[in-house]
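Structure file model_35.cif with mmCIF, C-alpha atoms:
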data_work
#
loop_
_atom_site.group_PDB
_atom_site.id
_atom_site.type_symbol
_atom_site.label_atom_id
_atom_site.label_comp_id
_atom_site.auth_asym_id
_atom_site.auth_seq_id
_atom_site.Cartn_x
_atom_site.Cartn_y
_atom_site.Cartn_z
ATOM 1 C CA LEU A 1 18.187 -39.829 -5.547
ATOM 2 C CA ALA A 2 17.246 -39.466 -9.205
ATOM 3 C CA SER A 3 13.551 -39.919 -8.426
ATOM 4 C CA THR A 4 13.784 -37.256 -5.713
ATOM 5 C CA VAL A 5 15.393 -34.798 -8.102
ATOM 6 C CA ILE A 6 12.759 -35.496 -10.766
ATOM 7 C CA THR A 7 9.963 -35.051 -8.201
ATOM 8 C CA VAL A 8 11.386 -31.693 -7.073
ATOM 9 C CA ILE A 9 11.691 -30.491 -10.670
ATOM 10 C CA VAL A 10 8.123 -31.548 -11.482
ATOM 11 C CA LEU A 11 6.791 -29.830 -8.349
ATOM 12 C CA GLU A 12 8.673 -26.629 -9.198
ATOM 13 C CA VAL A 13 7.199 -26.609 -12.707
ATOM 14 C CA VAL A 14 3.638 -27.414 -11.589
ATOM 15 C CA LEU A 15 3.665 -24.856 -8.761
ATOM 16 C CA GLY A 16 5.028 -22.299 -11.230
ATOM 17 C CA PHE A 17 1.651 -22.388 -12.989
ATOM 18 C CA VAL A 18 -0.223 -21.959 -9.690
ATOM 19 C CA LEU A 19 1.820 -19.473 -7.680
ATOM 20 C CA PRO A 20 2.444 -15.807 -8.535
ATOM 21 C CA ALA A 21 5.603 -14.857 -10.398
ATOM 22 C CA SER A 22 6.093 -11.599 -8.490
ATOM 23 C CA THR A 23 8.158 -11.653 -5.280
ATOM 24 C CA PHE A 24 8.433 -9.685 -2.041
ATOM 25 C CA HIS A 25 11.734 -8.122 -2.949
ATOM 26 C CA GLN A 26 10.567 -6.736 -6.255
ATOM 27 C CA MET A 27 8.300 -4.504 -4.172
ATOM 28 C CA TYR A 28 10.218 -3.984 -0.924
ATOM 29 C CA ARG A 29 13.675 -3.157 0.302
ATOM 30 C CA VAL A 30 15.037 -3.061 3.850
ATOM 31 C CA SER A 31 14.448 0.314 5.510
ATOM 32 C CA ASP A 32 16.955 2.195 7.659
ATOM 33 C CA ASP A 33 14.031 3.064 9.922
ATOM 34 C CA PRO A 34 13.890 0.349 12.625
ATOM 35 C CA LEU A 35 10.139 0.780 13.143
ATOM 36 C CA MET A 36 9.282 0.502 9.444
ATOM 37 C CA ARG A 37 11.734 -2.378 8.776
ATOM 38 C CA LEU A 38 10.722 -2.347 5.098
ATOM 39 C CA GLU A 39 9.846 0.280 2.505
ATOM 40 C CA LEU A 40 8.623 0.285 -1.070
ATOM 41 C CA ARG A 41 11.522 -0.033 -3.475
ATOM 42 C CA PRO A 42 12.020 3.329 -5.261
ATOM 43 C CA ASN A 43 11.739 3.190 -9.074
ATOM 44 C CA ALA A 44 10.423 -0.399 -9.023
ATOM 45 C CA ASP A 45 8.431 -1.251 -12.152
ATOM 46 C CA PHE A 46 7.075 -4.771 -12.577
ATOM 47 C CA GLU A 47 4.005 -6.855 -13.345
ATOM 48 C CA PHE A 48 2.322 -7.846 -10.092
ATOM 49 C CA ASP A 49 0.186 -10.991 -9.868
ATOM 50 C CA GLY A 50 0.107 -11.391 -6.092
ATOM 51 C CA LEU A 51 2.531 -12.797 -3.543
ATOM 52 C CA ASP A 52 0.872 -15.840 -1.953
ATOM 53 C CA VAL A 53 -2.237 -16.204 -4.121
ATOM 54 C CA LYS A 54 -2.274 -15.558 -7.854
ATOM 55 C CA ILE A 55 -4.457 -12.621 -8.903
ATOM 56 C CA PRO A 56 -5.057 -10.900 -12.262
ATOM 57 C CA PRO A 57 -1.839 -9.026 -13.134
ATOM 58 C CA THR A 58 -1.511 -5.279 -12.667
ATOM 59 C CA ARG A 59 1.384 -2.891 -13.158
ATOM 60 C CA ILE A 60 3.240 -1.684 -10.079
ATOM 61 C CA ARG A 61 5.297 1.474 -10.495
ATOM 62 C CA ILE A 62 6.967 3.035 -7.462
ATOM 63 C CA SER A 63 8.194 6.612 -7.767
ATOM 64 C CA GLU A 64 11.659 7.803 -6.781
ATOM 65 C CA GLN A 65 10.029 9.036 -3.557
ATOM 66 C CA GLY A 66 8.977 5.486 -2.682
ATOM 67 C CA LEU A 67 5.257 5.961 -3.395
ATOM 68 C CA ARG A 68 2.800 4.179 -5.647
ATOM 69 C CA ASP A 69 2.029 7.575 -7.080
ATOM 70 C CA ASP A 70 3.463 10.275 -9.294
ATOM 71 C CA VAL A 71 6.375 12.346 -8.011
ATOM 72 C CA VAL A 72 5.024 14.921 -5.560
ATOM 73 C CA SER A 73 6.382 18.473 -5.668
ATOM 74 C CA ILE A 74 7.750 20.046 -2.489
ATOM 75 C CA PRO A 75 6.811 22.667 -1.422
ATOM 76 C CA ARG A 76 3.121 22.449 -2.270
ATOM 77 C CA PRO A 77 2.167 24.675 -5.240
ATOM 78 C CA PRO A 78 -0.179 27.642 -4.684
ATOM 79 C CA ASN A 79 -3.935 27.006 -4.989
ATOM 80 C CA VAL A 80 -3.448 23.285 -4.349
ATOM 81 C CA ARG A 81 -5.076 21.388 -1.503
ATOM 82 C CA ARG A 82 -3.617 18.023 -0.599
ATOM 83 C CA LEU A 83 -5.140 14.850 0.802
ATOM 84 C CA VAL A 84 -2.801 12.076 1.951
ATOM 85 C CA CYS A 85 -4.037 8.469 2.071
ATOM 86 C CA VAL A 86 -2.340 6.204 4.630
ATOM 87 C CA GLY A 87 -2.831 2.486 5.191
ATOM 88 C CA ASP A 88 -1.945 -1.014 4.078
ATOM 89 C CA SER A 89 -2.628 -3.015 0.911
ATOM 90 C CA ILE A 90 -6.176 -1.646 0.536
ATOM 91 C CA THR A 91 -4.842 1.908 0.362
ATOM 92 C CA PHE A 92 -1.948 0.785 -1.843
ATOM 93 C CA GLY A 93 -4.385 -0.653 -4.370
ATOM 94 C CA TRP A 94 -3.643 -4.386 -4.191
ATOM 95 C CA GLY A 95 -4.897 -6.022 -7.366
ATOM 96 C CA VAL A 96 -5.916 -2.833 -9.178
ATOM 97 C CA GLU A 97 -4.103 -0.399 -11.430
ATOM 98 C CA GLN A 98 -2.736 2.785 -9.887
ATOM 99 C CA GLU A 99 -5.482 4.979 -11.319
ATOM 100 C CA ASP A 100 -8.128 2.659 -9.830
ATOM 101 C CA ALA A 101 -6.817 2.772 -6.250
ATOM 102 C CA PHE A 102 -9.325 4.639 -4.085
ATOM 103 C CA CYS A 103 -6.840 7.458 -3.381
ATOM 104 C CA SER A 104 -6.500 8.226 -7.091
ATOM 105 C CA ARG A 105 -10.259 8.066 -7.574
ATOM 106 C CA LEU A 106 -10.753 10.477 -4.683
ATOM 107 C CA GLU A 107 -8.650 13.068 -6.505
ATOM 108 C CA ALA A 108 -10.810 12.880 -9.610
ATOM 109 C CA GLN A 109 -14.045 13.111 -7.634
ATOM 110 C CA LEU A 110 -12.863 15.929 -5.394
ATOM 111 C CA ASN A 111 -11.869 18.013 -8.398
ATOM 112 C CA GLN A 112 -15.311 17.412 -9.924
ATOM 113 C CA THR A 113 -17.300 18.291 -6.814
ATOM 114 C CA GLY A 114 -15.059 20.729 -4.921
ATOM 115 C CA ARG A 115 -14.604 24.483 -5.102
ATOM 116 C CA SER A 116 -13.152 25.980 -8.274
ATOM 117 C CA ASP A 117 -10.635 28.301 -6.588
ATOM 118 C CA HIS A 118 -8.237 25.447 -5.818
ATOM 119 C CA ARG A 119 -7.251 22.039 -7.127
ATOM 120 C CA TRP A 120 -6.990 18.835 -5.094
ATOM 121 C CA GLU A 121 -4.023 16.462 -5.169
ATOM 122 C CA THR A 122 -4.164 13.096 -3.427
ATOM 123 C CA ILE A 123 -0.997 11.282 -2.360
ATOM 124 C CA ASN A 124 -0.938 7.516 -1.833
ATOM 125 C CA LEU A 125 1.232 6.503 1.141
ATOM 126 C CA GLY A 126 -0.257 2.999 1.194
ATOM 127 C CA MET A 127 2.066 0.032 1.622
ATOM 128 C CA PRO A 128 1.021 -3.623 1.859
ATOM 129 C CA GLY A 129 1.667 -5.065 5.312
ATOM 130 C CA LEU A 130 1.677 -1.865 7.356
ATOM 131 C CA ASN A 131 0.210 -2.095 10.830
ATOM 132 C CA ALA A 132 -1.432 0.812 12.679
ATOM 133 C CA GLU A 133 1.721 1.995 14.446
ATOM 134 C CA GLN A 134 3.715 1.989 11.225
ATOM 135 C CA SER A 135 0.982 3.863 9.345
ATOM 136 C CA VAL A 136 1.017 6.708 11.881
ATOM 137 C CA HIS A 137 4.816 6.699 11.900
ATOM 138 C CA LEU A 138 4.968 6.840 8.099
ATOM 139 C CA LEU A 139 2.572 9.786 8.105
ATOM 140 C CA ALA A 140 4.724 11.646 10.639
ATOM 141 C CA THR A 141 8.095 10.955 9.024
ATOM 142 C CA LYS A 142 7.170 11.063 5.344
ATOM 143 C CA GLY A 143 3.606 12.169 4.747
ATOM 144 C CA MET A 144 3.719 15.494 6.571
ATOM 145 C CA ARG A 145 6.514 16.802 4.348
ATOM 146 C CA PHE A 146 3.923 16.939 1.538
ATOM 147 C CA GLN A 147 1.957 19.552 3.553
ATOM 148 C CA PRO A 148 -1.441 17.796 3.580
ATOM 149 C CA ASP A 149 -4.666 19.598 4.398
ATOM 150 C CA VAL A 150 -6.513 16.347 5.037
ATOM 151 C CA VAL A 151 -5.360 12.841 5.961
ATOM 152 C CA VAL A 152 -7.405 9.710 5.258
ATOM 153 C CA LEU A 153 -6.311 6.762 7.409
ATOM 154 C CA LEU A 154 -7.688 3.396 6.333
ATOM 155 C CA PHE A 155 -7.703 0.972 9.250
ATOM 156 C CA ASN A 156 -8.715 -2.674 9.420
ATOM 157 C CA ILE A 157 -8.488 -5.275 12.158
ATOM 158 C CA SER A 158 -5.314 -6.871 10.737
ATOM 159 C CA ASP A 159 -3.504 -3.606 11.544
ATOM 160 C CA TYR A 160 -3.167 -4.876 15.126
ATOM 161 C CA GLU A 161 -0.787 -7.559 13.862
ATOM 162 C CA PRO A 162 3.046 -7.375 14.129
ATOM 163 C CA PRO A 163 4.969 -5.666 11.310
ATOM 164 C CA LEU A 164 5.511 -7.441 8.013
ATOM 165 C CA ASP A 165 9.005 -8.887 7.786
ATOM 166 C CA PRO A 166 9.727 -11.135 4.796
ATOM 167 C CA GLY A 167 13.434 -11.017 5.656
ATOM 168 C CA ASP A 168 16.561 -9.468 4.269
ATOM 169 C CA PRO A 169 16.727 -10.021 0.495
ATOM 170 C CA GLY A 170 20.437 -10.759 0.926
ATOM 171 C CA ASP A 171 20.017 -13.836 3.124
ATOM 172 C CA PHE A 172 19.702 -17.383 1.816
ATOM 173 C CA GLU A 173 16.223 -18.056 3.203
ATOM 174 C CA SER A 174 14.782 -15.006 1.446
ATOM 175 C CA TRP A 175 16.583 -15.972 -1.757
ATOM 176 C CA LEU A 176 14.945 -19.406 -1.575
ATOM 177 C CA VAL A 177 11.489 -17.912 -1.063
ATOM 178 C CA ASP A 178 11.990 -15.686 -4.107
ATOM 179 C CA HIS A 179 13.403 -18.404 -6.353
ATOM 180 C CA SER A 180 11.810 -21.694 -5.295
ATOM 181 C CA ASN A 181 8.116 -22.336 -5.878
ATOM 182 C CA ILE A 182 8.192 -25.214 -3.385
ATOM 183 C CA VAL A 183 9.626 -23.080 -0.575
ATOM 184 C CA ARG A 184 7.172 -20.295 -1.338
ATOM 185 C CA TRP A 185 4.256 -22.753 -1.272
ATOM 186 C CA LEU A 186 5.429 -24.133 2.085
ATOM 187 C CA GLN A 187 5.655 -20.592 3.445
ATOM 188 C CA PHE A 188 2.138 -19.864 2.167
ATOM 189 C CA ARG A 189 0.827 -23.013 3.888
ATOM 190 C CA LYS A 190 2.446 -21.880 7.130
ATOM 191 C CA HIS A 191 0.804 -18.448 6.864
ATOM 192 C CA ARG A 192 -2.567 -20.071 6.173
ATOM 193 C CA SER A 193 -2.214 -22.293 9.254
ATOM 194 C CA ASP A 194 -1.741 -19.182 11.386
ATOM 195 C CA GLY A 195 -5.288 -18.117 10.440
ATOM 196 C CA PRO A 196 -6.470 -15.659 7.773
ATOM 197 C CA ALA A 197 -6.469 -11.999 8.661
ATOM 198 C CA GLN A 198 -9.843 -10.337 8.773
ATOM 199 C CA HIS A 199 -10.356 -7.242 6.667
ATOM 200 C CA GLU A 200 -13.150 -5.194 8.149
ATOM 201 C CA ALA A 201 -12.151 -1.732 7.033
ATOM 202 C CA SER A 202 -13.354 1.604 8.272
ATOM 203 C CA LEU A 203 -12.315 5.104 7.274
ATOM 204 C CA SER A 204 -11.004 7.724 9.650
ATOM 205 C CA PHE A 205 -10.715 11.331 8.553
ATOM 206 C CA VAL A 206 -8.146 13.590 10.189
ATOM 207 C CA SER A 207 -7.245 17.168 9.319
ATOM 208 C CA PRO A 208 -3.685 17.914 10.509
ATOM 209 C CA VAL A 209 -3.774 21.661 9.877
ATOM 210 C CA ARG A 210 -7.388 22.609 10.534
ATOM 211 C CA PRO A 211 -7.596 26.015 12.256
ATOM 212 C CA ALA A 212 -9.397 26.453 15.562
ATOM 213 C CA GLY A 213 -13.133 26.906 15.263
ATOM 214 C CA PRO A 214 -16.338 24.905 15.100
ATOM 215 C CA LYS A 215 -15.783 21.216 14.632
ATOM 216 C CA LYS A 216 -16.398 20.049 11.066
ATOM 217 C CA PRO A 217 -19.010 17.322 10.592
ATOM 218 C CA SER A 218 -17.771 13.744 10.362
ATOM 219 C CA PRO A 219 -18.586 11.612 7.300
ATOM 220 C CA PRO A 220 -21.663 9.418 7.574
ATOM 221 C CA ALA A 221 -20.827 5.916 8.807
ATOM 222 C CA GLY A 222 -20.268 3.453 5.985
ATOM 223 C CA ASN A 223 -20.204 6.141 3.274
ATOM 224 C CA SER A 224 -17.055 5.653 1.189
ATOM 225 C CA SER A 225 -17.934 8.286 -1.420
ATOM 226 C CA PRO A 226 -16.348 11.766 -1.207
ATOM 227 C CA LYS A 227 -19.863 13.170 -1.696
ATOM 228 C CA GLY A 228 -20.649 11.907 1.803
ATOM 229 C CA TRP A 229 -18.153 14.287 3.332
ATOM 230 C CA ASP A 230 -18.069 17.211 0.907
ATOM 231 C CA ASN A 231 -19.378 19.503 3.635
ATOM 232 C CA ALA A 232 -16.505 18.515 5.900
ATOM 233 C CA ILE A 233 -13.761 19.583 3.523
ATOM 234 C CA GLN A 234 -15.196 21.968 0.932
ATOM 235 C CA ASP A 235 -14.194 24.989 3.017
ATOM 236 C CA THR A 236 -10.759 23.789 4.159
#
Rewrite the structure from the file as structure tokens, please.
Amino acid sequence: LASTVITVIVLEVVLGFVLPASTFHQMYRVSDDPLMRLELRPNADFEFDGLDVKIPPTRIRISEQGLRDDVVSIPRPPNVRRLVCVGDSITFGWGVEQEDAFCSRLEAQLNQTGRSDHRWETINLGMPGLNAEQSVHLLATKGMRFQPDVVVLLFNISDYEPPLDPGDPGDFESWLVDHSNIVRWLQFRKHRSDGPAQHEASLSFVSPVRPAGPKKPSPPAGNSSPKGWDNAIQDT
């Protein structure tokens, strides 16, 4: 028995150097919405170094509105155009600081290249683990209240998968995953055995409030720069 206890302690210590320190429930809480199941934890503020695989640490700050973004004013101020970004961990900015997520960088570039009679605001609705159905649902139930002029939906092939569900943070299994390096490693091995998700991303551009008239040109395929679709939004 003593050797078993010593082995467990040694494994916990060794895996502590290999596995991330951040946990699911620092980032998420259970949602009242049965389709979403989870939501970003409002006012969370922690150092994030991954969940299954250790990555360089970044700071995760979630606003009181449950966004990895600054607090967004409602209603929309005059002379402001809004672009909402929806998607999973790529949109969220997994492994990068908030200002380096593509949604934040879009805001800076749009305000450099757009018209001078209005200012652009981008709003990051990204959440790691969202599938396609949840992304559209989140846009409808939360994103539209910000009165967007343009929506950018980032979709990849893993968005066909079932919803993310790491469990209720109040149950014992979830507590073990959060507090035991051995249990977390076993869970990671199980996820790996299920096969890695592919991440072949493509951008879709949707304008929810575009007036009737000639169809605006679509962005060139494979062009991720706002300059590739300036003509599609500069007159919105």
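Against this structure, the PyMOL selection byres ((chain A and resi 60) around 7) ends up with Asp45, Phe46, Glu47, Phe48, Thr58, Arg59, Arg61 and Ile62 of chain A.
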If you take every atom of region 35-46 of chain A that the file lists and fit an axis-aligned box around them with 4 Å extra on each side, what centre and edge lengths come out in Å to one decimal, as JSON?
{"center_x": 9.5, "center_y": -0.7, "center_z": 0.3, "size_x": 12.9, "size_y": 16.1, "size_z": 33.7}
- request: Determine the nearest neighbour of Asp88 (chain A) from the options A:Ala108, A:Leu40, A:Ala140, A:Leu186, counting all atoms listed in the file.
  value: A:Leu40
field: Hits of the PyMOL selection byres ((chain A and resi 83) around 7) in this structure, as a count of residues only
entry: 11
Given the PyMOL selection byres ((chain A and resi 75) around 8), the residues it picks as number ranges by chain: A: 73-74, 76-77, 146-147
Residue neighbourhood region 89-91 of chain A, 12 Å, only C-alpha atoms, exclusion window fewer than 5 positions, as number ranges by chain: A: 40, 50-51, 67-69, 84, 96, 98, 100-106, 122-131, 135, 152-156, 158-159, 164, 199-203
message: Just to confirm, what's the straight-line distance from CA of Phe24 (chain A) to CA of Arg41 (chain A) in Å (one decimal)?
response: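 Distance reported for this atom pair: 10.2 Å.
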field: Test item: residues at most 10 Å from His118 (chain A), all atoms listed in the file, excluding those fewer than 3 positions along its chain, as an NGL selection string
entry: :A and (78-81 or 111 or 114-115 or 121)
query: Interatomic distance between CA of Arg119 (chain A) and CA of Trp94 (chain A)?
result: 26.8 Å
task: Identify which of the residues A:Arg145, A:Ser31, A:Ser63, A:Pro56 lies closest to Asn43 (chain A), counting all atoms listed in the file when measuring atom-to-atom distances.
output: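 Checking each candidate against Asn43 (chain A), we get A:Ser63 as the closest.
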- prompt: What separation in Å, quoted to one decimal, exists between CA of Pro34 (chain A) and CA of Asp49 (chain A)?
  reply: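 We find that CA of Pro34 (chain A) and CA of Asp49 (chain A) lie 28.7 Å from each other.
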task: Show which residues sit within 9 Å of region 136-138 of chain A, as a PyMOL selection string. Count only C-alpha atoms, and ignore same-chain residues fewer than 4 positions away.
output: chain A and resi 35-36+86-87+125+131-132+142-144+153
Could those residues be written to a file, using C-alpha atoms, as a JSON list (two decimals), in the coordinates of the input?
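Here's the written file out.json:
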[["chain", "number", "residue", "atom", "x", "y", "z"],
["A", 35, "LEU", "CA", 10.14, 0.78, 13.14],
["A", 36, "MET", "CA", 9.28, 0.50, 9.44],
["A", 86, "VAL", "CA", -2.34, 6.20, 4.63],
["A", 87, "GLY", "CA", -2.83, 2.49, 5.19],
["A", 125, "LEU", "CA", 1.23, 6.50, 1.14],
["A", 131, "ASN", "CA", 0.21, -2.10, 10.83],
["A", 132, "ALA", "CA", -1.43, 0.81, 12.68],
["A", 142, "LYS", "CA", 7.17, 11.06, 5.34],
["A", 143, "GLY", "CA", 3.61, 12.17, 4.75],
["A", 144, "MET", "CA", 3.72, 15.49, 6.57],
["A", 153, "LEU", "CA", -6.31, 6.76, 7.41]]
